[in-house]
Amino acid sequence: MLLTNEQLNGLKGRLVVSAQAYPGEPMRDPRTMAQVAQSAVLGGAAAVRVQGLADIQHARSAVEVPVIGLFKDGHEGVFITPTLHHALAVAQAGAHIVALDGTRRDRPDGRSLRETIAVIHEKTGAMVMADCGSLDDALAAVDAGADVLGTTLAGYTGERPKTDGPDLELIEQIAAEGTGRMLIAEGRIHTPAQAASALSAGADSVVVGTAITHPTSITSWFVDALPTTD
Ligand SMILES: CC(=O)N[C@H](C=O)[C@@H](O)[C@H](O)[C@H](O)COP(=O)(O)O
């Protein structure tokens with residue numbers, strides 16, 4: 001089932017929840033991630049973002065809302081849905097929106113972002129979310145045909161500082177361009193107030209991951225806030 005522009009626009013002003021468990025972690029099980037996604041939808045999430053082909057398949061069966069899918073391969077350089085091959089697999093697993101590295105860096109398969117997006121559109125009809133790390137990335141992604149822009153990689157590519165919370169300056173910069181594409185704030189949004197401030201800065205929608213779905217990180221925030229006892 002493809003996503004219509006109307007359904008995409010339905011995400012405006014709303015929360016998207018990213019549910020991801022990392023290699024070796026106790027919750028890394030597609031059924032568990034699908035249950036986390038379901039729980040997020042019960043809480044009001046308008047869409048979910050999930051990693052890995054099995055997680056995408058399970059999430060598609062578990063929730064009715066749009067599924068943003070990605071396929072992480074490695075953990076440095078271009079690793080978020082790095083090649084066309086990964087992207088087509090994500091769409092075939094059922095993602096309505098394929099999230100991929102939307103930076104200007106060379107892709108491991110040597111294809112351009114434009115070519116990658118064109119083939120995804122042509123072969124699958126899925127929409128494409130470009131995970132960007134800077135304003136220049138976002139403008140290049142618009143030019144390459146991305147349907148959705150994300151600030152996902154801000155602070156992770158060397159082009160922008162790794163801000164404590166969301167990179168509000170980057171959100172403002174992209175919003176000011178009036179690209180006509182949906183702008184989703186993503187990355188280090190840890191509180192409800194930060195989510196609201198991302199929308200105030202000009203984002204159309206907000207993705208929250210760690211602060212809602214990663215108990216190990218959340219627990220460590222509390223542990224670290226306690227005075228040391230020794
Ligand atoms: C940089 C990178 O690899 N980001 C990943 C992209 O899918 C995830 O690890 C993040 O959890 C996601 O972007 C949501 O962000 P946060 O967990 O900060 O709310």
# chains A, B, ... in the order shown; residues from 1 in each chain; ligands from 1

$ residues_near_ligand --ligand "ligand 1" --cutoff "6 Å" --atoms "only C-alpha atoms and all ligand atoms" --output "JSON, numbers by chain"
{"A": [18, 152, 153, 186, 187, 188, 189, 208, 209, 210]}

$ write_last_selection --atoms "C-alpha atoms" --output "CSV table (one decimal), in the first residue's frame"
chain,number,residue,atom,x,y,z
A,18,SER,CA,11.5,5.7,16.2
A,152,THR,CA,18.7,13.0,11.4
A,153,LEU,CA,22.4,13.3,10.7
A,186,GLU,CA,15.0,14.2,14.2
A,187,GLY,CA,18.0,13.7,16.5
A,188,ARG,CA,18.5,14.3,20.2
A,189,ILE,CA,15.0,15.4,20.9
A,208,VAL,CA,11.7,11.0,18.8
A,209,GLY,CA,13.7,7.8,19.3
A,210,THR,CA,15.9,7.2,22.3

$ residues_around --residues "Pro26 (chain A)" --least-positions-apart "6" --cutoff "12 Å" --atoms "only C-alpha atoms" --output "PyMOL selection string"
chain A and resi 20+32-33+214-216

$ closest_residue --among "A:Gly125, A:Lys72, A:Leu15, A:Leu2" --to "Ala195 (chain A)" --atoms "only C-alpha atoms"
A:Leu15

$ atom_distance --atom1 "CA of Val65 (chain A)" --atom2 "CA of Arg31 (chain A)"
16.9 Å

$ residues_around --residues "Asp143 (chain A)" --least-positions-apart "5" --cutoff "12 Å" --atoms "only C-alpha atoms" --output "list of chain:residue names"
A:Gly102, A:Arg104, A:Ser112, A:Leu113, A:Arg114, A:Glu115, A:Ile117, A:Ala118, A:Ala130, A:Asp136, A:Asp137, A:Ala138, A:Val148, A:Leu149, A:Thr179, A:Gly180, A:Arg181

$ closest_atom_pairs --of "region 59-135 of chain A" --to "region 156-169 of chain A" --cutoff "9 Å" --atoms "only C-alpha atoms" --output "tab-separated table"
residue	atom	partner	partner_atom	distance
A:Gly77	CA	A:Thr157	CA	7.8
A:Thr103	CA	A:Thr157	CA	8.5
A:Gly133	CA	A:Thr157	CA	6.1
A:Ser134	CA	A:Glu159	CA	6.3

$ write_last_selection --atoms "N, CA and C atoms" --output "PDB file, in the first residue's frame"
ATOM      1  N   GLY A  77      30.428   6.567   8.507  1.00  0.00           N
ATOM      2  CA  GLY A  77      30.287   6.961   7.102  1.00  0.00           C
ATOM      3  C   GLY A  77      28.833   6.868   6.681  1.00  0.00           C
ATOM      4  N   THR A 103      22.993  12.630   2.658  1.00  0.00           N
ATOM      5  CA  THR A 103      24.108  13.578   2.657  1.00  0.00           C
ATOM      6  C   THR A 103      24.751  13.636   1.271  1.00  0.00           C
ATOM      7  N   GLY A 133      22.503  16.112   7.066  1.00  0.00           N
ATOM      8  CA  GLY A 133      23.374  16.571   8.141  1.00  0.00           C
ATOM      9  C   GLY A 133      23.645  18.057   8.092  1.00  0.00           C
ATOM     10  N   SER A 134      23.102  18.743   7.090  1.00  0.00           N
ATOM     11  CA  SER A 134      23.371  20.178   6.948  1.00  0.00           C
ATOM     12  C   SER A 134      22.366  20.786   5.972  1.00  0.00           C
TER      13      SER A 134
END

$ residues_around --residues "Val36 (chain A)" --least-positions-apart "5" --cutoff "12 Å" --atoms "only C-alpha atoms" --output "ChimeraX atom specification"
/A:17-21,27-31,41-43,45,48-50,55,58-59,62-63,209,212-215

$ atom_distance --atom1 "CA of Arg14 (chain A)" --atom2 "CA of Val206 (chain A)"
6.7 Å

$ atom_distance --atom1 "CA of Gly13 (chain A)" --atom2 "CA of Ala40 (chain A)"
16.3 Å

$ select_by_dssp --residues "region 62-140 of chain A" --states "strand (DSSP E or B)" --output "list in words"
Val67, Ile68, Gly69, Leu70, Lys72, Ile80, Ile97, Val98, Ala99, Leu100, Asp101, Met127, Val128, Met129, Ala130 and Asp131 of chain A

$ decode --residues "region 28-116 of chain A" --atoms "C-alpha atoms" --output "tab-separated table (two decimals), in the first residue's frame"
chain	number	residue	atom	x	y	z
A	28	ARG	CA	16.63	-6.57	19.55
A	29	ASP	CA	13.78	-8.75	18.37
A	30	PRO	CA	11.35	-7.74	15.61
A	31	ARG	CA	8.33	-8.79	17.72
A	32	THR	CA	9.53	-6.64	20.60
A	33	MET	CA	10.11	-3.65	18.34
A	34	ALA	CA	6.66	-4.11	16.80
A	35	GLN	CA	5.14	-4.10	20.30
A	36	VAL	CA	7.06	-0.93	21.12
A	37	ALA	CA	5.78	0.62	17.89
A	38	GLN	CA	2.21	-0.42	18.79
A	39	SER	CA	2.60	1.11	22.23
A	40	ALA	CA	3.80	4.36	20.68
A	41	VAL	CA	0.78	4.45	18.39
A	42	LEU	CA	-1.51	3.93	21.40
A	43	GLY	CA	0.15	6.99	22.92
A	44	GLY	CA	-0.60	9.09	19.83
A	45	ALA	CA	2.32	8.56	17.44
A	46	ALA	CA	1.21	9.45	13.91
A	47	ALA	CA	3.86	7.24	12.30
A	48	VAL	CA	6.72	4.97	13.32
A	49	ARG	CA	10.30	4.65	12.15
A	50	VAL	CA	11.92	1.21	12.35
A	51	GLN	CA	15.24	-0.31	11.38
A	52	GLY	CA	15.87	-3.62	9.63
A	53	LEU	CA	13.82	-5.68	7.22
A	54	ALA	CA	12.23	-7.99	9.81
A	55	ASP	CA	11.33	-5.07	12.07
A	56	ILE	CA	9.71	-3.26	9.13
A	57	GLN	CA	7.67	-6.36	8.23
A	58	HIS	CA	6.53	-6.88	11.82
A	59	ALA	CA	5.72	-3.20	12.32
A	60	ARG	CA	3.65	-3.13	9.13
A	61	SER	CA	1.49	-5.96	10.48
A	62	ALA	CA	1.25	-4.44	13.96
A	63	VAL	CA	0.29	-0.83	13.25
A	64	GLU	CA	-2.01	0.99	10.85
A	65	VAL	CA	0.01	4.21	10.72
A	66	PRO	CA	2.68	4.96	8.10
A	67	VAL	CA	5.97	3.11	8.56
A	68	ILE	CA	9.27	4.82	7.83
A	69	GLY	CA	11.85	2.09	7.24
A	70	LEU	CA	15.61	2.11	7.14
A	71	PHE	CA	18.40	-0.46	6.94
A	72	LYS	CA	21.54	0.33	8.88
A	73	ASP	CA	24.70	-1.31	7.58
A	74	GLY	CA	27.73	-0.52	9.71
A	75	HIS	CA	27.99	2.48	11.99
A	76	GLU	CA	30.25	5.02	10.34
A	77	GLY	CA	30.29	6.96	7.10
A	78	VAL	CA	27.25	6.28	4.93
A	79	PHE	CA	25.42	3.58	6.89
A	80	ILE	CA	21.71	4.48	6.88
A	81	THR	CA	20.24	2.55	3.92
A	82	PRO	CA	23.55	3.13	2.14
A	83	THR	CA	22.86	1.63	-1.29
A	84	LEU	CA	20.03	1.26	-3.79
A	85	HIS	CA	20.00	-2.46	-3.00
A	86	HIS	CA	19.30	-1.73	0.70
A	87	ALA	CA	16.66	0.85	-0.23
A	88	LEU	CA	14.74	-1.51	-2.52
A	89	ALA	CA	14.79	-4.18	0.20
A	90	VAL	CA	13.37	-1.67	2.70
A	91	ALA	CA	10.53	-0.81	0.30
A	92	GLN	CA	9.88	-4.49	-0.42
A	93	ALA	CA	9.69	-5.18	3.33
A	94	GLY	CA	6.72	-2.80	3.40
A	95	ALA	CA	8.03	0.63	4.34
A	96	HIS	CA	5.78	3.43	3.10
A	97	ILE	CA	8.71	5.81	3.33
A	98	VAL	CA	12.31	4.70	2.74
A	99	ALA	CA	14.71	6.64	4.94
A	100	LEU	CA	18.23	6.78	3.56
A	101	ASP	CA	21.46	8.68	3.94
A	102	GLY	CA	20.68	12.01	2.32
A	103	THR	CA	24.11	13.58	2.66
A	104	ARG	CA	26.38	14.71	-0.16
A	105	ARG	CA	28.94	12.02	0.72
A	106	ASP	CA	29.86	9.31	-1.78
A	107	ARG	CA	27.58	6.30	-1.54
A	108	PRO	CA	29.16	2.81	-1.28
A	109	ASP	CA	27.54	1.65	-4.54
A	110	GLY	CA	28.77	4.68	-6.46
A	111	ARG	CA	25.24	5.80	-7.36
A	112	SER	CA	24.13	9.37	-6.89
A	113	LEU	CA	21.33	10.26	-4.50
A	114	ARG	CA	19.28	11.43	-7.50
A	115	GLU	CA	19.66	8.10	-9.29
A	116	THR	CA	18.91	6.16	-6.08
